[in-house]
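Pasting my_file02.tsv here (TSV, C-alpha atoms):
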```
chain	number	residue	atom	x	y	z
X	21	MET	CA	21.82	35.52	34.39
X	22	ASP	CA	20.71	39.10	33.71
X	23	ASN	CA	18.89	40.68	36.61
X	24	VAL	CA	15.18	41.55	36.33
X	25	LYS	CA	13.66	43.12	39.44
X	26	GLN	CA	10.75	41.13	40.74
X	27	THR	CA	9.06	44.36	41.89
X	28	GLU	CA	9.24	46.03	38.47
X	29	GLN	CA	5.87	47.31	37.23
X	30	VAL	CA	5.10	47.28	33.51
X	31	LYS	CA	2.21	48.56	31.41
X	32	CYS	CA	-0.21	45.70	30.65
X	33	ILE	CA	-3.73	44.98	29.42
X	34	VAL	CA	-5.49	43.54	32.47
X	35	LEU	CA	-8.86	41.79	32.65
X	36	GLU	CA	-10.23	42.69	36.08
X	37	ASP	CA	-13.27	40.41	35.90
X	38	TYR	CA	-15.44	38.56	33.36
X	39	GLY	CA	-17.87	40.69	31.40
X	40	GLY	CA	-17.99	43.59	28.94
X	41	TYR	CA	-15.31	45.89	27.60
X	42	ASP	CA	-15.40	47.91	30.84
X	43	LYS	CA	-13.59	45.01	32.54
X	44	ILE	CA	-10.46	45.65	30.44
X	45	LYS	CA	-8.02	48.09	32.00
X	46	ILE	CA	-4.60	49.33	30.92
X	47	LYS	CA	-2.52	49.57	34.07
X	48	ASN	CA	0.85	48.86	35.62
X	49	TRP	CA	1.22	45.24	36.65
X	50	PRO	CA	4.02	43.41	38.48
X	51	LEU	CA	6.48	41.67	36.16
X	52	GLU	CA	6.72	37.99	37.00
X	53	PHE	CA	9.87	36.54	38.56
X	54	LEU	CA	12.43	35.38	36.01
X	55	GLY	CA	12.77	31.64	36.58
X	56	SER	CA	15.67	29.47	35.50
X	57	THR	CA	13.86	28.25	32.36
X	58	SER	CA	12.23	31.56	31.45
X	59	VAL	CA	13.13	34.63	29.42
X	60	CYS	CA	12.13	38.29	29.72
X	61	VAL	CA	10.93	39.78	26.43
X	62	LYS	CA	10.57	43.47	25.57
X	63	VAL	CA	7.37	43.35	23.52
X	64	GLN	CA	6.86	45.26	20.28
X	65	LEU	CA	3.74	43.64	18.80
X	66	CYS	CA	0.86	41.52	20.07
X	67	GLY	CA	-1.69	39.47	18.17
X	68	VAL	CA	-5.38	39.85	19.05
X	69	ASN	CA	-7.39	36.62	18.99
X	70	PHE	CA	-10.84	35.24	19.73
X	71	SER	CA	-9.31	33.51	22.75
X	72	ASP	CA	-8.95	36.95	24.36
X	73	ILE	CA	-12.69	37.51	23.87
X	74	TYR	CA	-13.55	34.04	25.18
X	75	THR	CA	-11.49	34.81	28.29
X	76	ARG	CA	-13.10	38.22	28.84
X	77	GLN	CA	-16.61	36.88	28.50
X	78	GLY	CA	-15.99	34.08	30.99
X	79	PHE	CA	-16.11	31.23	28.50
X	80	LEU	CA	-12.88	29.81	29.99
X	81	ARG	CA	-13.62	29.86	33.71
X	82	GLN	CA	-10.41	27.99	34.53
X	83	LEU	CA	-8.58	31.25	33.69
X	84	LYS	CA	-9.16	33.22	36.89
X	85	THR	CA	-9.30	37.01	37.09
X	86	PRO	CA	-7.69	39.48	37.47
X	87	ARG	CA	-5.18	38.47	34.81
X	88	VAL	CA	-3.12	39.89	31.96
X	89	LEU	CA	-4.68	39.09	28.58
X	90	GLY	CA	-2.88	38.09	25.39
X	91	ALA	CA	-1.89	34.75	23.85
X	92	GLU	CA	0.88	35.88	21.48
X	93	CYS	CA	3.53	38.55	21.23
X	94	TYR	CA	6.73	39.45	19.37
X	95	GLY	CA	9.79	41.17	20.78
X	96	THR	CA	13.44	41.01	21.82
X	97	ILE	CA	14.87	38.99	24.70
X	98	GLU	CA	16.28	41.21	27.46
X	99	ALA	CA	17.13	38.59	30.06
X	100	ILE	CA	17.35	34.80	30.29
X	101	GLY	CA	17.19	32.19	33.02
X	102	ASN	CA	20.38	30.32	33.82
X	103	GLU	CA	19.09	27.02	32.40
X	104	VAL	CA	18.05	28.45	29.01
X	105	LYS	CA	20.46	27.17	26.36
X	106	ASN	CA	18.75	27.69	23.02
X	107	LEU	CA	18.09	31.43	23.29
X	108	GLN	CA	20.17	34.49	24.21
X	109	CYS	CA	19.74	38.17	24.93
X	110	GLY	CA	19.06	40.14	21.78
X	111	ASP	CA	17.24	37.29	20.00
X	112	ARG	CA	14.00	38.17	18.25
X	113	VAL	CA	11.25	35.80	19.34
X	114	VAL	CA	7.54	35.24	18.94
X	115	CYS	CA	5.80	33.80	22.00
X	116	TYR	CA	2.57	31.84	22.39
X	117	VAL	CA	0.80	31.06	25.69
X	118	TRP	CA	-2.83	30.03	25.24
X	119	THR	CA	-3.77	30.98	28.81
X	120	GLY	CA	-2.65	34.57	28.19
X	121	GLY	CA	-0.31	36.93	29.99
X	122	LEU	CA	1.50	38.39	26.96
X	123	PHE	CA	-0.19	41.81	26.51
X	124	GLY	CA	2.48	43.86	28.28
X	125	GLU	CA	5.46	46.09	27.54
X	126	LYS	CA	7.61	43.36	29.06
X	127	VAL	CA	6.67	39.75	29.74
X	128	VAL	CA	8.35	36.80	31.40
X	129	VAL	CA	7.59	33.59	29.54
X	130	SER	CA	8.90	30.02	29.50
X	131	ALA	CA	11.61	29.56	26.89
X	132	ASN	CA	9.65	26.57	25.61
X	133	ASN	CA	6.85	28.96	24.58
X	134	CYS	CA	9.22	31.07	22.47
X	135	PHE	CA	10.11	30.61	18.80
X	136	LEU	CA	13.29	32.14	17.41
X	137	VAL	CA	12.39	34.39	14.48
X	138	PRO	CA	14.67	33.72	11.48
X	139	GLU	CA	16.61	36.54	9.88
X	140	GLY	CA	14.62	38.26	7.16
X	141	VAL	CA	11.22	37.55	8.77
X	142	SER	CA	9.46	40.70	9.97
X	143	GLY	CA	7.90	41.03	13.39
X	144	GLN	CA	4.48	41.58	11.83
X	145	ASP	CA	4.67	38.31	9.93
X	146	ALA	CA	6.12	36.40	12.88
X	147	VAL	CA	3.48	37.44	15.42
X	148	ALA	CA	0.70	36.47	12.99
X	149	LEU	CA	1.86	32.84	12.86
X	150	PRO	CA	1.26	31.14	16.24
X	151	ALA	CA	-2.47	31.31	16.94
X	152	ASN	CA	-3.74	31.59	13.36
X	153	TYR	CA	-1.30	29.65	11.20
X	154	LEU	CA	-0.66	26.86	13.71
X	155	THR	CA	-4.42	26.35	14.03
X	156	ALA	CA	-4.83	26.47	10.25
X	157	TYR	CA	-1.92	24.07	9.62
X	158	LEU	CA	-3.21	21.50	12.08
X	159	SER	CA	-6.76	21.84	10.70
X	160	ILE	CA	-5.74	21.53	7.05
X	161	PHE	CA	-2.91	19.02	7.15
X	162	THR	CA	-2.90	17.12	10.46
X	163	MET	CA	-6.58	16.75	11.36
X	164	GLY	CA	-7.99	17.50	7.91
X	165	ASN	CA	-5.59	15.28	5.92
X	166	ILE	CA	-6.09	17.44	2.82
X	167	GLN	CA	-5.49	15.71	-0.51
X	168	PRO	CA	-4.93	16.98	-4.09
X	169	GLY	CA	-8.25	17.79	-5.75
X	170	ASP	CA	-10.17	18.21	-2.48
X	171	THR	CA	-13.00	20.70	-2.14
X	172	VAL	CA	-12.65	22.61	1.15
X	173	LEU	CA	-15.21	24.76	2.97
X	174	ILE	CA	-13.78	27.24	5.47
X	175	HIS	CA	-16.11	29.19	7.74
X	176	SER	CA	-15.32	32.82	8.62
X	177	ILE	CA	-12.73	32.71	5.87
X	178	ALA	CA	-11.85	36.41	6.11
X	179	GLY	CA	-10.56	36.11	9.69
X	180	GLY	CA	-7.00	35.37	10.72
X	181	VAL	CA	-7.39	31.59	10.73
X	182	GLY	CA	-9.50	31.64	7.56
X	183	CYS	CA	-6.92	33.62	5.59
X	184	ALA	CA	-4.14	31.36	6.87
X	185	ALA	CA	-6.06	28.16	6.06
X	186	THR	CA	-6.73	29.44	2.53
X	187	GLN	CA	-3.06	30.05	1.86
X	188	LEU	CA	-2.01	26.69	3.28
X	189	ALA	CA	-4.68	24.79	1.36
X	190	LYS	CA	-3.58	26.48	-1.86
X	191	THR	CA	-0.16	24.81	-1.53
X	192	VAL	CA	-1.89	21.51	-2.40
X	193	LYS	CA	-2.56	20.80	-6.08
X	194	ASP	CA	-6.03	21.37	-7.55
X	195	VAL	CA	-7.72	22.21	-4.26
X	196	VAL	CA	-10.99	24.17	-4.54
X	197	ILE	CA	-11.61	26.55	-1.65
X	198	VAL	CA	-15.08	27.78	-0.65
X	199	GLY	CA	-15.61	30.16	2.25
X	200	THR	CA	-18.32	31.94	4.23
X	201	THR	CA	-18.13	35.61	5.22
X	202	SER	CA	-19.94	38.93	4.87
X	203	VAL	CA	-20.59	40.34	1.38
X	204	SER	CA	-18.19	43.27	1.74
X	205	LYS	CA	-15.16	40.97	1.80
X	206	HIS	CA	-15.90	38.79	-1.23
X	207	GLU	CA	-13.58	40.42	-3.78
X	208	ARG	CA	-10.55	40.53	-1.49
X	209	LEU	CA	-11.03	36.87	-0.62
X	210	LYS	CA	-10.92	35.86	-4.26
X	211	GLU	CA	-7.59	37.68	-4.51
X	212	ASN	CA	-6.36	35.49	-1.64
X	213	GLY	CA	-7.21	32.31	-3.59
X	214	VAL	CA	-10.81	31.57	-2.64
X	215	SER	CA	-12.79	30.05	-5.52
X	216	HIS	CA	-16.32	30.69	-4.20
X	217	VAL	CA	-17.40	33.05	-1.42
X	218	LEU	CA	-20.75	32.54	0.32
X	219	GLN	CA	-22.64	34.94	2.54
X	220	HIS	CA	-22.81	33.70	6.15
X	221	GLU	CA	-26.59	33.91	6.36
X	222	ASN	CA	-28.38	30.92	4.78
X	223	TYR	CA	-25.13	29.63	3.31
X	224	GLU	CA	-26.21	25.96	3.38
X	225	THR	CA	-28.22	26.08	0.13
X	226	LEU	CA	-25.51	28.08	-1.63
X	227	ALA	CA	-22.85	25.64	-0.44
X	228	LYS	CA	-24.83	22.71	-1.90
X	229	ASN	CA	-25.17	24.54	-5.22
X	230	VAL	CA	-21.43	25.21	-5.41
X	231	SER	CA	-20.50	21.59	-4.65
X	232	PRO	CA	-23.54	19.28	-5.02
X	233	GLN	CA	-21.44	16.22	-4.19
X	234	GLY	CA	-20.42	17.76	-0.85
X	235	TYR	CA	-17.10	18.73	0.68
X	236	ASP	CA	-14.00	16.71	1.45
X	237	LEU	CA	-12.95	18.97	4.32
X	238	ILE	CA	-14.77	21.60	6.38
X	239	ILE	CA	-13.10	23.90	8.94
X	240	ASP	CA	-15.81	25.08	11.37
X	241	SER	CA	-14.99	27.95	13.74
X	242	ILE	CA	-18.66	28.74	14.37
X	243	GLY	CA	-19.59	25.68	16.42
X	244	GLY	CA	-22.93	25.14	18.15
X	245	PRO	CA	-25.85	24.31	15.81
X	246	ASN	CA	-23.61	24.93	12.80
X	247	ILE	CA	-21.87	21.61	13.49
X	248	GLU	CA	-24.96	19.77	12.26
X	249	ILE	CA	-25.05	21.77	9.02
X	250	SER	CA	-21.35	21.13	8.44
X	251	GLN	CA	-21.83	17.39	8.84
X	252	LYS	CA	-24.65	17.39	6.27
X	253	LEU	CA	-22.36	19.08	3.73
X	254	LEU	CA	-19.62	16.42	3.94
X	255	LYS	CA	-19.00	13.86	1.22
X	256	ALA	CA	-18.54	10.23	2.12
X	257	CYS	CA	-15.11	10.01	3.82
X	258	GLY	CA	-15.30	13.78	4.41
X	259	ARG	CA	-13.64	15.38	7.44
X	260	LEU	CA	-15.02	18.09	9.71
X	261	VAL	CA	-12.62	19.93	12.03
X	262	VAL	CA	-14.27	22.04	14.74
X	263	ILE	CA	-11.89	24.76	15.96
X	264	GLY	CA	-14.10	27.16	17.92
X	265	GLY	CA	-17.48	28.46	19.01
X	266	SER	CA	-17.71	31.99	17.63
X	267	CYS	CA	-21.51	31.72	17.44
X	268	TYR	CA	-21.49	32.42	21.18
X	269	ILE	CA	-19.64	35.72	20.72
X	270	ASN	CA	-21.67	38.88	20.21
X	271	GLY	CA	-19.54	41.89	21.06
X	272	GLU	CA	-19.79	42.81	24.74
X	273	THR	CA	-21.24	39.68	26.33
X	274	LEU	CA	-22.12	36.06	25.74
X	275	LYS	CA	-25.27	35.58	23.68
X	276	ILE	CA	-26.57	32.83	25.93
X	277	VAL	CA	-26.60	33.21	29.69
X	278	ARG	CA	-27.29	29.62	30.62
X	279	SER	CA	-24.53	27.47	32.10
X	280	LEU	CA	-21.26	27.90	30.29
X	281	ALA	CA	-20.52	24.24	30.82
X	282	MET	CA	-23.46	23.41	28.58
X	283	LYS	CA	-22.22	25.49	25.66
X	284	TRP	CA	-19.92	22.83	24.27
X	285	GLN	CA	-22.60	20.16	24.73
X	286	THR	CA	-24.41	19.21	21.54
X	287	LYS	CA	-26.83	16.55	20.34
X	288	ASN	CA	-25.47	16.97	16.85
X	289	LEU	CA	-22.76	14.32	17.13
X	290	VAL	CA	-24.45	10.97	16.68
X	291	PRO	CA	-22.11	7.96	16.28
X	292	GLN	CA	-24.61	6.02	14.17
X	293	THR	CA	-24.92	8.94	11.74
X	294	MET	CA	-21.14	9.28	11.44
X	295	ILE	CA	-20.76	5.56	10.77
X	296	GLU	CA	-23.56	5.34	8.23
X	297	ARG	CA	-22.45	8.46	6.37
X	298	ASN	CA	-18.74	7.56	6.60
X	299	ILE	CA	-17.66	10.92	7.93
X	300	THR	CA	-15.09	12.08	10.46
X	301	VAL	CA	-15.66	14.80	13.06
X	302	SER	CA	-12.67	16.03	15.04
X	303	GLY	CA	-11.87	18.91	17.38
X	304	LEU	CA	-8.76	21.03	17.77
X	305	HIS	CA	-7.55	23.00	20.79
X	306	LEU	CA	-4.15	24.44	19.91
X	307	GLY	CA	-3.25	25.46	23.45
X	308	MET	CA	-3.87	22.07	25.02
X	309	LEU	CA	-2.02	20.37	22.17
X	310	PHE	CA	0.93	22.66	22.86
X	311	ASP	CA	0.82	21.67	26.54
X	312	SER	CA	0.81	17.95	25.75
X	313	ASN	CA	3.11	17.89	22.72
X	314	PRO	CA	5.29	21.05	22.47
X	315	ASN	CA	7.78	19.35	20.15
X	316	LYS	CA	5.06	18.90	17.53
X	317	ILE	CA	4.18	22.60	17.71
X	318	HIS	CA	7.82	23.67	17.44
X	319	HIS	CA	8.26	21.45	14.38
X	320	ILE	CA	5.22	22.98	12.68
X	321	MET	CA	6.45	26.50	13.47
X	322	GLU	CA	9.73	25.66	11.76
X	323	GLU	CA	7.76	24.52	8.71
X	324	LEU	CA	5.72	27.72	8.75
X	325	PHE	CA	8.84	29.88	8.89
X	326	LYS	CA	10.21	27.98	5.89
X	327	MET	CA	6.95	28.45	3.99
X	328	LEU	CA	7.02	32.14	4.84
X	329	LYS	CA	10.59	32.59	3.60
X	330	ASN	CA	9.73	30.62	0.43
X	331	LYS	CA	6.74	32.96	-0.12
X	332	LEU	CA	4.21	30.12	0.01
X	333	ILE	CA	2.33	31.99	2.73
X	334	LYS	CA	2.05	35.68	3.66
X	335	PRO	CA	0.06	36.88	6.69
X	336	ILE	CA	-2.61	39.46	5.90
X	337	ILE	CA	-2.59	42.27	8.46
X	338	HIS	CA	-5.92	44.04	8.84
X	339	GLU	CA	-4.59	46.83	11.05
X	340	ILE	CA	-2.02	47.68	13.72
X	341	LEU	CA	-3.40	49.65	16.68
X	342	PRO	CA	-1.74	51.20	19.74
X	343	ILE	CA	-2.03	49.16	22.94
X	344	ASP	CA	-4.47	51.77	24.29
X	345	ASN	CA	-6.92	50.76	21.53
X	346	VAL	CA	-7.32	47.18	22.73
X	347	ILE	CA	-11.11	47.51	23.12
X	348	GLU	CA	-11.40	48.69	19.52
X	349	ALA	CA	-9.28	45.70	18.47
X	350	GLN	CA	-11.51	43.23	20.32
X	351	ALA	CA	-14.64	44.85	18.91
X	352	THR	CA	-13.27	44.53	15.38
X	353	LEU	CA	-12.94	40.76	15.85
X	354	ALA	CA	-16.24	40.34	17.70
X	355	LYS	CA	-18.15	42.16	14.95
X	356	ARG	CA	-16.28	40.26	12.19
X	357	MET	CA	-15.04	43.52	10.68
X	358	ASN	CA	-11.48	42.34	10.09
X	359	PHE	CA	-9.88	40.93	6.97
X	360	GLY	CA	-6.85	39.12	8.34
X	361	LYS	CA	-4.92	39.75	11.55
X	362	VAL	CA	-5.37	42.58	14.07
X	363	LEU	CA	-2.21	43.60	15.95
X	364	LEU	CA	-1.37	45.87	18.88
X	365	LYS	CA	1.91	47.79	18.98
X	366	LEU	CA	4.07	48.60	22.02
X	367	ASN	CA	7.56	50.03	22.64
X	368	GLN	CA	7.70	51.61	19.16
```
Before we go any further, please render this structure as structure tokens.
Amino acid sequence: MDNVKQTEQVKCIVLEDYGGYDKIKIKNWPLEFLGSTSVCVKVQLCGVNFSDIYTRQGFLRQLKTPRVLGAECYGTIEAIGNEVKNLQCGDRVVCYVWTGGLFGEKVVVSANNCFLVPEGVSGQDAVALPANYLTAYLSIFTMGNIQPGDTVLIHSIAGGVGCAATQLAKTVKDVVIVGTTSVSKHERLKENGVSHVLQHENYETLAKNVSPQGYDLIIDSIGGPNIEISQKLLKACGRLVVIGGSCYINGETLKIVRSLAMKWQTKNLVPQTMIERNITVSGLHLGMLFDSNPNKIHHIMEELFKMLKNKLIKPIIHEILPIDNVIEAQATLAKRMNFGKVLLKLNQ
């Protein structure tokens, strides 16, 4: 086993406490001990996600502070634990850990949370897959059970998950894709395969005009009161997949200061209504699914790598910023300014 000093300090993005951007610090942080089933990765790129914002704003109180942020990274393995058999030093890997810890120049991560990047796949493409494309794949195919000829409504369609879900849905014959976003992004979305683009504000009436019969599948990353609107827009036998609660995000701090535990509570899910309208409402938490069924996630990642190499999908990168610009990166997501994935670069 290669030796990694337990006392080694590495540059990391650290969340010192819940709150605004001032709680994010770039500082040296102790590198974790290299266990027998772990690997040490020299990081080159990191993916910025809404989960980082949820963590900073205290939405996920089970993730205690101070802590290193970051759910996904790409780099090269520098050291391996003595029980790791499927990876070796020099391998290019993309890593995903939903609880964070990957925004650092070097990280120690369980080998089970690493995916070997195939030859010919760039680091930029690889690091864009875990959080966004895994979520999109599960929403479209597994939970959403998309079928040829379906009409699909995707909220926040210009974001990382939205762009990924569009590309995946377009691999199914005769699918019509409708999405909500700000006006400035409409033309670029049509180039990505979106049939109709609706402005976020007051989209419900527009959505009904586009598809009066309703929608077969809706991917809802907004959550909260929007869940009720999404249900109303479903056809009979339609499926709603709730993947987030971005309506609670407003830049620096949470919009609503009342108990965080109440935020996921809603009166909008009424069993009688679902039965009478013949609709399905499901939820998706990628990280917890990974924890309970890692083999499923690894299988889907293999499928995504194949789709990438066969040019069925292609991650859209909004911008690549230096690690020191992490606050700018988070603000870009929080203000919905991005079209596609925002990355941070290290060790370049």
With a distance cut-off of 7 Å and only C-alpha atoms, select the neighbouring residues of X:Tyr116, excluding the residue or stretch itself and same-chain residues fewer than 2 positions from it, and output the selection as a VMD selection string.
chain X and resid 91 to 93 114 118 133 to 134 150
I'd like to know which of X:Asn48, X:Asn102, X:Thr225, X:Thr162 is closest to X:Ser302, using all atoms listed in the file.
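Under the stated criterion, the closest residue is X:Thr162.
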Neighbouring residues of X:Gly55 were defined as those with any atom within 9 Å, considering all atoms listed in the file; residues of the same chain fewer than 5 positions away were excluded. Please report them as a count of residues only.
7
What is the atom CA of X:Asn313-atom CA of X:Thr155 distance in Å, reported with one decimal?
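These atoms are spaced 14.3 Å apart.
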Would you work out the distance separating atom CA of X:Asn246 from atom CA of X:Glu224, expressed in Å to one decimal?
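According to the coordinates, atom CA of X:Asn246 and atom CA of X:Glu224 are separated by 9.8 Å.
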Using all atoms listed in the file, pick whichever of X:Cys183, X:Met163, X:Leu83, X:Met321 has the shortest atom-to-atom distance to X:Leu35.
X:Leu83
With all atoms listed in the file as the counted atoms, please give the residues lying no more than 12 Å from X:Ser159, apart from itself and same-chain residues fewer than 2 positions off, as JSON, numbers by chain.
{"X": [152, 153, 154, 155, 156, 157, 161, 162, 163, 164, 165, 166, 172, 173, 174, 181, 182, 184, 185, 186, 188, 189, 237, 238, 239, 240, 241, 259, 260, 261, 262, 263, 264, 301, 302, 303, 304, 305, 306]}
Measuring between only C-alpha atoms, which one of X:Gln219, X:Lys331, X:Ile197, X:Thr171 shows the shortest distance to X:Gln233?
X:Thr171
May I ask for the distance between atom CA of X:Phe135 and atom CA of X:Asn212, given in Å to one decimal place?
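Straight-line distance from atom CA of X:Phe135 to atom CA of X:Asn212 works out to 26.7 Å.
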Find the residues around X:Thr352 up to 12 Å (all atoms listed in the file counted), leave out those fewer than 2 positions away in its own chain, and share them as a PyMOL selection string.
chain X and resi 68-70+73+179+270-272+338-341+345-350+354-363
Using all atoms listed in the file, can you tell me which of X:Gly213, X:Gly243, X:Gly258, X:Gly67 comes closest to X:Asp145?
X:Gly67
Residue contacts of X:Pro232 (12 Å, all atoms listed in the file) excluding same-chain residues fewer than 2 positions away, as a PyMOL selection string:
chain X and resi 171+224-230+234-236+252-255
Find the residue from X:His206, X:Lys31, X:Lys105, X:Arg112 that sits nearest to X:Val61; use only C-alpha atoms when measuring.
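Using only C-alpha atoms, the shortest distance to X:Val61 belongs to X:Arg112.
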Minimum-distance residue to X:Ile317, chosen among X:Asn132, X:Ser204, X:Gln108, X:Thr300 (using only C-alpha atoms):
X:Asn132
Could you please give me, as a PDB file with C-alpha atoms, in the frame of the given file, the residues of protein, DNA or RNA lying at most 8 Å from (-15.6, 35.4, 10.5) in the coordinate frame of the file, considering all atoms listed in the file?
```
ATOM      1  CA  HIS X 175     -16.110  29.190   7.740  1.00  0.00           C
ATOM      2  CA  SER X 176     -15.320  32.820   8.620  1.00  0.00           C
ATOM      3  CA  ILE X 177     -12.730  32.710   5.870  1.00  0.00           C
ATOM      4  CA  ALA X 178     -11.850  36.410   6.110  1.00  0.00           C
ATOM      5  CA  GLY X 179     -10.560  36.110   9.690  1.00  0.00           C
ATOM      6  CA  GLY X 182      -9.500  31.640   7.560  1.00  0.00           C
ATOM      7  CA  THR X 200     -18.320  31.940   4.230  1.00  0.00           C
ATOM      8  CA  THR X 201     -18.130  35.610   5.220  1.00  0.00           C
ATOM      9  CA  SER X 202     -19.940  38.930   4.870  1.00  0.00           C
ATOM     10  CA  ARG X 356     -16.280  40.260  12.190  1.00  0.00           C
TER      11      ARG X 356
END
```
Cut-off 9 Å around (-1.4, 33.7, 26.3) with only C-alpha atoms: residues as a PDB file with C-alpha atoms, in the coordinates of the input:
```pdb
ATOM      1  CA  SER X  71      -9.310  33.510  22.750  1.00  0.00           C
ATOM      2  CA  ASP X  72      -8.950  36.950  24.360  1.00  0.00           C
ATOM      3  CA  VAL X  88      -3.120  39.890  31.960  1.00  0.00           C
ATOM      4  CA  LEU X  89      -4.680  39.090  28.580  1.00  0.00           C
ATOM      5  CA  GLY X  90      -2.880  38.090  25.390  1.00  0.00           C
ATOM      6  CA  ALA X  91      -1.890  34.750  23.850  1.00  0.00           C
ATOM      7  CA  GLU X  92       0.880  35.880  21.480  1.00  0.00           C
ATOM      8  CA  CYS X  93       3.530  38.550  21.230  1.00  0.00           C
ATOM      9  CA  CYS X 115       5.800  33.800  22.000  1.00  0.00           C
ATOM     10  CA  TYR X 116       2.570  31.840  22.390  1.00  0.00           C
ATOM     11  CA  VAL X 117       0.800  31.060  25.690  1.00  0.00           C
ATOM     12  CA  TRP X 118      -2.830  30.030  25.240  1.00  0.00           C
ATOM     13  CA  THR X 119      -3.770  30.980  28.810  1.00  0.00           C
ATOM     14  CA  GLY X 120      -2.650  34.570  28.190  1.00  0.00           C
ATOM     15  CA  GLY X 121      -0.310  36.930  29.990  1.00  0.00           C
ATOM     16  CA  LEU X 122       1.500  38.390  26.960  1.00  0.00           C
ATOM     17  CA  PHE X 123      -0.190  41.810  26.510  1.00  0.00           C
ATOM     18  CA  GLY X 307      -3.250  25.460  23.450  1.00  0.00           C
TER      19      GLY X 307
END
```
Around all the atoms of stretch 160-163 of chain X listed in the file, with 5 Å of room on each side, what axis-aligned box do you get, giving centre and edge lengths in Å to one decimal, as JSON?
```
{"center_x": -4.7, "center_y": 19.1, "center_z": 9.2, "size_x": 13.7, "size_y": 14.8, "size_z": 14.3}
```
